[in-house]
file data-v1.csv (CSV, C-alpha atoms)
chain,number,residue,atom,x,y,z
A,235,MET,CA,-81.7,80.1,133.9
A,236,THR,CA,-84.5,81.3,131.5
A,237,ALA,CA,-87.2,83.9,131.6
A,238,MET,CA,-89.9,83.8,128.9
A,239,PRO,CA,-93.5,84.8,128.5
A,240,ALA,CA,-96.0,82.0,129.1
A,241,THR,CA,-98.9,84.2,127.8
A,242,ARG,CA,-99.5,87.9,127.5
A,243,SER,CA,-100.2,88.2,131.2
A,244,ARG,CA,-98.1,85.5,132.8
A,245,SER,CA,-94.4,84.9,133.0
A,246,VAL,CA,-92.3,81.8,133.5
A,247,GLU,CA,-88.8,81.5,135.0
A,248,ILE,CA,-87.0,78.3,135.5
A,249,HIS,CA,-83.8,78.0,137.6
A,250,PRO,CA,-81.6,75.2,139.1
A,251,LEU,CA,-82.5,74.3,142.7
A,252,THR,CA,-79.7,75.9,144.5
A,253,PRO,CA,-79.6,76.2,148.4
A,254,GLY,CA,-80.8,79.8,148.1
A,255,ARG,CA,-84.0,78.5,146.5
A,256,TRP,CA,-84.7,75.8,149.1
A,257,ARG,CA,-87.4,77.9,150.8
A,258,ASP,CA,-89.3,78.3,147.5
A,259,LEU,CA,-89.2,74.5,146.9
A,260,ALA,CA,-90.4,73.9,150.5
A,261,ALA,CA,-93.3,76.3,150.1
A,262,LEU,CA,-94.3,74.5,146.8
A,263,PHE,CA,-94.0,71.0,148.2
A,264,GLU,CA,-96.0,71.9,151.4
A,265,THR,CA,-99.0,72.5,149.2
A,266,ASN,CA,-99.6,68.8,148.4
A,267,ALA,CA,-99.9,65.8,150.7
A,268,VAL,CA,-97.8,63.6,148.3
A,269,THR,CA,-94.8,66.0,148.0
A,270,ARG,CA,-95.0,66.7,151.8
A,271,GLY,CA,-94.2,63.0,152.4
A,272,CYS,CA,-91.9,62.3,149.5
A,273,TRP,CA,-89.6,65.3,149.1
A,274,CYS,CA,-88.3,63.8,145.9
A,275,MET,CA,-86.6,61.0,147.8
A,276,TRP,CA,-88.6,58.0,146.3
A,277,PHE,CA,-86.1,57.3,143.6
A,278,ARG,CA,-83.1,57.7,145.9
A,279,LEU,CA,-84.1,55.3,148.7
A,280,ARG,CA,-85.1,51.7,149.2
A,281,THR,CA,-88.8,51.4,150.2
A,282,PRO,CA,-88.2,50.6,153.9
A,283,ASP,CA,-85.9,53.6,154.3
A,284,PHE,CA,-88.3,55.8,152.4
A,285,ARG,CA,-91.2,54.8,154.6
A,286,ALA,CA,-89.2,55.1,157.8
A,287,HIS,CA,-88.3,58.7,156.9
A,288,GLU,CA,-91.5,59.8,155.1
A,289,GLY,CA,-92.3,63.4,155.8
A,290,ASP,CA,-89.8,65.4,157.9
A,291,GLY,CA,-87.0,62.8,157.5
A,292,ASN,CA,-87.2,62.9,153.7
A,293,ARG,CA,-87.3,66.6,153.8
A,294,ARG,CA,-84.1,66.8,155.8
A,295,ALA,CA,-82.5,64.2,153.5
A,296,PHE,CA,-83.3,66.1,150.4
A,297,GLN,CA,-82.3,69.4,151.9
A,298,ARG,CA,-78.9,67.9,152.6
A,299,ILE,CA,-78.6,66.9,149.0
A,300,VAL,CA,-79.5,70.4,147.8
A,301,ARG,CA,-76.9,71.9,150.1
A,302,SER,CA,-74.1,69.6,149.3
A,303,ALA,CA,-74.6,68.6,145.6
A,304,ALA,CA,-72.0,69.9,143.1
A,305,ILE,CA,-74.8,70.0,140.5
A,306,ALA,CA,-78.4,71.0,141.4
A,307,PRO,CA,-80.7,68.0,141.7
A,308,GLY,CA,-83.4,69.6,139.6
A,309,LEU,CA,-85.2,72.7,138.4
A,310,ILE,CA,-87.8,74.9,140.0
A,311,ALA,CA,-90.3,76.9,137.9
A,312,TYR,CA,-91.9,80.2,138.9
A,313,LEU,CA,-95.2,81.4,137.5
A,314,ASP,CA,-95.6,85.2,137.8
A,315,GLY,CA,-92.8,85.1,140.4
A,316,ALA,CA,-94.3,82.4,142.6
A,317,PRO,CA,-92.9,78.9,142.9
A,318,ALA,CA,-95.1,76.7,140.7
A,319,GLY,CA,-93.4,73.6,139.4
A,320,TRP,CA,-90.6,71.2,139.9
A,321,CYS,CA,-88.6,68.7,137.7
A,322,ALA,CA,-86.0,66.3,139.1
A,323,VAL,CA,-83.1,65.7,136.7
A,324,ALA,CA,-79.8,64.1,137.5
A,325,PRO,CA,-77.4,61.4,136.3
A,326,ARG,CA,-79.3,58.1,136.3
A,327,ASP,CA,-76.8,56.6,138.8
A,328,ASP,CA,-78.1,59.0,141.4
A,329,TYR,CA,-81.4,57.1,141.4
A,330,PRO,CA,-80.9,53.5,142.8
A,331,ARG,CA,-84.6,52.7,142.4
A,332,ILE,CA,-84.4,53.5,138.6
A,333,LEU,CA,-81.5,51.1,138.4
A,334,ARG,CA,-83.2,48.3,140.2
A,335,SER,CA,-86.8,48.5,138.9
A,336,PRO,CA,-87.8,45.9,136.3
A,337,THR,CA,-89.8,48.7,134.6
A,338,THR,CA,-87.0,51.3,134.4
A,339,LYS,CA,-83.6,49.5,134.8
A,340,PRO,CA,-81.0,50.4,132.1
A,341,LEU,CA,-81.5,49.0,128.6
A,342,ASP,CA,-77.8,49.0,128.0
A,343,GLY,CA,-74.5,50.3,129.3
A,344,ARG,CA,-74.8,53.8,127.8
A,345,PRO,CA,-74.5,56.5,130.5
A,346,ALA,CA,-77.6,58.7,130.8
A,347,TRP,CA,-79.3,61.4,132.8
A,348,ALA,CA,-82.8,60.7,134.0
A,349,VAL,CA,-85.9,62.9,134.3
A,350,THR,CA,-87.7,61.2,137.1
A,351,CYS,CA,-90.6,63.3,138.3
A,352,PHE,CA,-92.6,66.5,138.0
A,353,PHE,CA,-94.8,68.4,140.4
A,354,ILE,CA,-97.0,71.3,139.2
A,355,ALA,CA,-99.0,73.4,141.7
A,356,ARG,CA,-102.7,73.1,141.3
A,357,ASN,CA,-103.1,76.7,140.4
A,358,ALA,CA,-100.4,76.5,137.8
A,359,ARG,CA,-101.8,73.5,135.8
A,360,GLY,CA,-102.7,74.2,132.2
A,361,ALA,CA,-99.9,76.7,131.8
A,362,GLY,CA,-97.5,74.3,130.0
A,363,LEU,CA,-95.0,74.1,132.8
A,364,MET,CA,-94.3,70.4,132.4
A,365,ARG,CA,-93.1,70.9,128.8
A,366,ARG,CA,-91.2,74.0,129.8
A,367,LEU,CA,-89.5,72.1,132.6
A,368,LEU,CA,-88.7,69.2,130.4
A,369,ASP,CA,-87.1,71.3,127.7
A,370,GLU,CA,-85.0,73.1,130.3
A,371,ALA,CA,-84.0,69.8,131.9
A,372,VAL,CA,-82.6,68.6,128.6
A,373,ARG,CA,-80.6,71.8,128.3
A,374,PHE,CA,-79.4,71.5,131.9
A,375,ALA,CA,-78.3,67.9,131.4
A,376,ALA,CA,-76.5,68.8,128.1
A,377,GLU,CA,-74.7,71.7,129.9
A,378,HIS,CA,-73.3,69.2,132.4
A,379,GLY,CA,-72.0,66.8,129.8
A,380,ALA,CA,-75.0,64.4,129.2
A,381,THR,CA,-75.2,62.7,125.8
A,382,LEU,CA,-78.4,60.8,126.5
A,383,VAL,CA,-81.5,61.8,128.6
A,384,GLU,CA,-84.1,59.3,129.7
A,385,GLY,CA,-87.6,59.6,131.0
A,386,TYR,CA,-90.1,57.0,132.3
A,387,PRO,CA,-93.5,58.7,131.8
A,388,VAL,CA,-97.0,57.5,132.0
A,389,ASP,CA,-98.9,56.7,128.8
A,390,PRO,CA,-102.6,56.8,129.8
A,391,GLY,CA,-103.7,55.8,126.3
A,392,GLY,CA,-106.3,58.4,126.0
A,393,ARG,CA,-107.7,57.9,129.5
A,394,ARG,CA,-108.1,60.9,131.7
A,395,ILE,CA,-105.8,60.6,134.8
A,396,ASN,CA,-105.6,62.4,138.1
A,397,PRO,CA,-102.8,65.0,138.0
A,398,ASP,CA,-101.1,63.2,140.9
A,399,GLU,CA,-100.7,60.1,138.7
A,400,ALA,CA,-98.7,62.1,136.2
A,401,TYR,CA,-95.7,62.8,138.4
A,402,HIS,CA,-93.5,60.6,136.1
A,403,GLY,CA,-94.5,63.0,133.3
A,404,LEU,CA,-96.7,62.2,130.3
A,405,ALA,CA,-95.5,60.3,127.3
A,406,SER,CA,-97.1,62.8,125.0
A,407,VAL,CA,-95.1,65.6,126.5
A,408,PHE,CA,-91.8,63.7,126.2
A,409,ALA,CA,-92.6,62.9,122.5
A,410,ALA,CA,-93.3,66.5,121.8
A,411,ALA,CA,-90.0,67.4,123.4
A,412,GLY,CA,-88.1,65.1,120.9
A,413,PHE,CA,-87.9,61.9,123.0
A,414,GLU,CA,-88.4,58.6,121.3
A,415,GLU,CA,-89.7,55.4,122.9
A,416,ALA,CA,-86.9,52.9,123.4
A,417,ALA,CA,-88.7,50.2,125.3
A,418,ARG,CA,-92.0,49.4,127.1
A,419,ARG,CA,-91.8,46.8,129.8
A,420,GLN,CA,-95.2,47.8,131.3
A,421,PRO,CA,-98.2,48.7,129.1
A,422,LYS,CA,-98.4,52.3,130.3
A,423,ARG,CA,-94.8,53.0,131.2
A,424,PRO,CA,-92.5,53.5,128.2
A,425,ILE,CA,-88.8,54.3,128.6
A,426,MET,CA,-88.2,57.3,126.4
A,427,ARG,CA,-84.8,58.6,125.3
A,428,ARG,CA,-83.4,61.7,123.6
A,429,ALA,CA,-79.8,61.6,122.4
A,430,LEU,CA,-77.8,64.8,122.6
A,431,ALA,CA,-75.0,66.0,120.5
A,432,ARG,CA,-71.6,66.1,122.2
A,433,ALA,CA,-70.6,69.6,123.2
A,434,ARG,CA,-67.6,70.8,121.1
A,435,ARG,CA,-64.5,71.4,123.2
A,436,ALA,CA,-63.0,74.8,123.1
A,437,ARG,CA,-59.6,74.9,121.4
call {"tool": "encode", "arguments": {"input": "data-v1.csv", "output": "structure tokens"}}
result
Amino acid sequence: MTAMPATRSRSVEIHPLTPGRWRDLAALFETNAVTRGCWCMWFRLRTPDFRAHEGDGNRRAFQRIVRSAAIAPGLIAYLDGAPAGWCAVAPRDDYPRILRSPTTKPLDGRPAWAVTCFFIARNARGAGLMRRLLDEAVRFAAEHGATLVEGYPVDPGGRRINPDEAYHGLASVFAAAGFEEAARRQPKRPIMRRALARARRAR
């Protein structure tokens, strides 16, 4: 989707997760104990179902989604040609947990796309991949008709947090990408929104 220099010596590419890129995502997720269990299914399943399929079951379920989805369920980033980052972005209705959670349930009836999680490989942290992925997620959503994009990041309030705690994204990164806080039902979990202009229809 994009190719741009991250620094003088490193390059970043970001692409939709198509079936042909599944092996790259699998290699990325296998590097971390959390992603090896979740496989980006946490927001798609009820807790008992998620726990019952944690690990290989969730992997198979997400692979089926990648193979069958009309629209890719997220974006994969490559740093110097190696898979290094992930961002889940899809219509909010694809995420039942987002719809049910007291922290993230919809504020109103406006249809929205949701950016639900990020994963950055340990050796790629500090390269600005979260922001790159978020910017690309907004563009991807807009290309598929979104007029509103939501995120549910963590606001650590100046406290240093473990990178694994930041899988929702960081409020500061969302703010820098043009998102505005729309609500805050939990002290450290704002709902942030970015409205998008409607694409002009070709005559």
call {"tool": "atom_distance", "arguments": {"input": "data-v1.csv", "atom1": "CA of Phe352 in chain A", "atom2": "CA of Leu404 in chain A"}}
result
9.7 Å
call {"tool": "residues_near_point", "arguments": {"input": "data-v1.csv", "point": "(-73.5, 69.8, 128.8)", "cutoff": "10 Å", "atoms": "only C-alpha atoms", "output": "list in words"}}
result
Val372, Arg373, Phe374, Ala375, Ala376, Glu377, His378, Gly379, Ala380, Thr381, Leu430, Ala431, Arg432, Ala433 and Arg434 of chain A
call {"tool": "write_last_selection", "arguments": {"input": "data-v1.csv", "atoms": "C-alpha atoms", "output": "mmCIF file, in the coordinates of the input"}}
result
data_model
loop_
_atom_site.group_PDB
_atom_site.id
_atom_site.type_symbol
_atom_site.label_atom_id
_atom_site.label_comp_id
_atom_site.auth_asym_id
_atom_site.auth_seq_id
_atom_site.Cartn_x
_atom_site.Cartn_y
_atom_site.Cartn_z
ATOM 1 C CA VAL A 372 -82.600 68.600 128.600
ATOM 2 C CA ARG A 373 -80.600 71.800 128.300
ATOM 3 C CA PHE A 374 -79.400 71.500 131.900
ATOM 4 C CA ALA A 375 -78.300 67.900 131.400
ATOM 5 C CA ALA A 376 -76.500 68.800 128.100
ATOM 6 C CA GLU A 377 -74.700 71.700 129.900
ATOM 7 C CA HIS A 378 -73.300 69.200 132.400
ATOM 8 C CA GLY A 379 -72.000 66.800 129.800
ATOM 9 C CA ALA A 380 -75.000 64.400 129.200
ATOM 10 C CA THR A 381 -75.200 62.700 125.800
ATOM 11 C CA LEU A 430 -77.800 64.800 122.600
ATOM 12 C CA ALA A 431 -75.000 66.000 120.500
ATOM 13 C CA ARG A 432 -71.600 66.100 122.200
ATOM 14 C CA ALA A 433 -70.600 69.600 123.200
ATOM 15 C CA ARG A 434 -67.600 70.800 121.100
#
call {"tool": "atom_distance", "arguments": {"input": "data-v1.csv", "atom1": "CA of Gly308 in chain A", "atom2": "CA of Ala348 in chain A"}}
result
10.5 Å
call {"tool": "closest_residue", "arguments": {"input": "data-v1.csv", "among": "A:Pro253, A:Pro421, A:Gly412, A:Pro282", "to": "Leu382 in chain A", "atoms": "only C-alpha atoms"}}
result
A:Gly412
call {"tool": "residues_around", "arguments": {"input": "data-v1.csv", "residues": "Asp327 in chain A", "least_positions_apart": "3", "cutoff": "10 Å", "atoms": "only C-alpha atoms", "output": "ChimeraX atom specification"}}
result
/A:278,324,330-333,345-348
call {"tool": "write_last_selection", "arguments": {"input": "data-v1.csv", "atoms": "C-alpha atoms", "output": "compact mmCIF listing (two decimals), keeping the file's coordinate frame"}}
result
# COMPACT_ATOMS: atom_id res chain seq x y z
CA ARG A 278 -83.10 57.70 145.90
CA ALA A 324 -79.80 64.10 137.50
CA PRO A 330 -80.90 53.50 142.80
CA ARG A 331 -84.60 52.70 142.40
CA ILE A 332 -84.40 53.50 138.60
CA LEU A 333 -81.50 51.10 138.40
CA PRO A 345 -74.50 56.50 130.50
CA ALA A 346 -77.60 58.70 130.80
CA TRP A 347 -79.30 61.40 132.80
CA ALA A 348 -82.80 60.70 134.00
call {"tool": "residues_around", "arguments": {"input": "data-v1.csv", "residues": "Pro336 in chain A", "least_positions_apart": "6", "cutoff": "12 Å", "atoms": "all atoms listed in the file", "output": "JSON list (two decimals) with C-alpha atoms, in the frame of the given file"}}
result
[["chain", "number", "residue", "atom", "x", "y", "z"],
["A", 417, "ALA", "CA", -88.70, 50.20, 125.30],
["A", 418, "ARG", "CA", -92.00, 49.40, 127.10],
["A", 419, "ARG", "CA", -91.80, 46.80, 129.80],
["A", 420, "GLN", "CA", -95.20, 47.80, 131.30],
["A", 423, "ARG", "CA", -94.80, 53.00, 131.20],
["A", 425, "ILE", "CA", -88.80, 54.30, 128.60]]
call {"tool": "atom_distance", "arguments": {"input": "data-v1.csv", "atom1": "CA of Asp314 in chain A", "atom2": "CA of Arg244 in chain A"}}
result
5.6 Å
call {"tool": "closest_residue", "arguments": {"input": "data-v1.csv", "among": "A:Met364, A:Phe284, A:Lys422, A:Asp369", "to": "Gly392 in chain A", "atoms": "only C-alpha atoms"}}
result
A:Lys422
call {"tool": "residues_around", "arguments": {"input": "data-v1.csv", "residues": "range 273-276 of chain A", "least_positions_apart": "2", "cutoff": "6 Å", "atoms": "all atoms listed in the file", "output": "MDAnalysis selection string"}}
result
chainID A and resid 269 278:279 292:293
call {"tool": "write_last_selection", "arguments": {"input": "data-v1.csv", "atoms": "C-alpha atoms", "output": "PDB file, in the coordinates of the input"}}
result
ATOM      1  CA  THR A 269     -94.800  66.000 148.000  1.00  0.00           C
ATOM      2  CA  ARG A 278     -83.100  57.700 145.900  1.00  0.00           C
ATOM      3  CA  LEU A 279     -84.100  55.300 148.700  1.00  0.00           C
ATOM      4  CA  ASN A 292     -87.200  62.900 153.700  1.00  0.00           C
ATOM      5  CA  ARG A 293     -87.300  66.600 153.800  1.00  0.00           C
TER       6      ARG A 293
END
call {"tool": "closest_residue", "arguments": {"input": "data-v1.csv", "among": "A:Pro250, A:Pro340, A:Gly271, A:Gly385", "to": "Gly319 in chain A", "atoms": "all atoms listed in the file"}}
result
A:Pro250
call {"tool": "closest_residue", "arguments": {"input": "data-v1.csv", "among": "A:Pro390, A:Gly254, A:Gly315, A:Gly362", "to": "Arg301 in chain A", "atoms": "all atoms listed in the file"}}
result
A:Gly254
call {"tool": "residues_around", "arguments": {"input": "data-v1.csv", "residues": "Glu414 in chain A", "least_positions_apart": "5", "cutoff": "9 Å", "atoms": "only C-alpha atoms", "output": "list in words"}}
result
Phe408, Ala409, Ile425, Met426, Arg427 and Arg428 of chain A
call {"tool": "axis_aligned_box", "arguments": {"input": "data-v1.csv", "around": "range 247-260 of chain A", "padding_each_side": "3 Å", "output": "AutoDock Vina command-line options"}}
result
--center_x -85.0 --center_y 77.7 --center_z 142.9 --size_x 16.8 --size_y 13.6 --size_z 21.8
call {"tool": "residues_around", "arguments": {"input": "data-v1.csv", "residues": "Glu264 in chain A", "least_positions_apart": "3", "cutoff": "12 Å", "atoms": "all atoms listed in the file", "output": "ChimeraX atom specification"}}
result
/A:257-261,267-273,289-290,293,317-318,353,355
call {"tool": "closest_residue", "arguments": {"input": "data-v1.csv", "among": "A:Ala429, A:Leu367, A:Ala361, A:Ala286", "to": "Phe413 in chain A", "atoms": "only C-alpha atoms"}}
result
A:Ala429
call {"tool": "closest_residue", "arguments": {"input": "data-v1.csv", "among": "A:His402, A:Thr265, A:Leu313, A:Asn396", "to": "Val349 in chain A", "atoms": "only C-alpha atoms"}}
result
A:His402
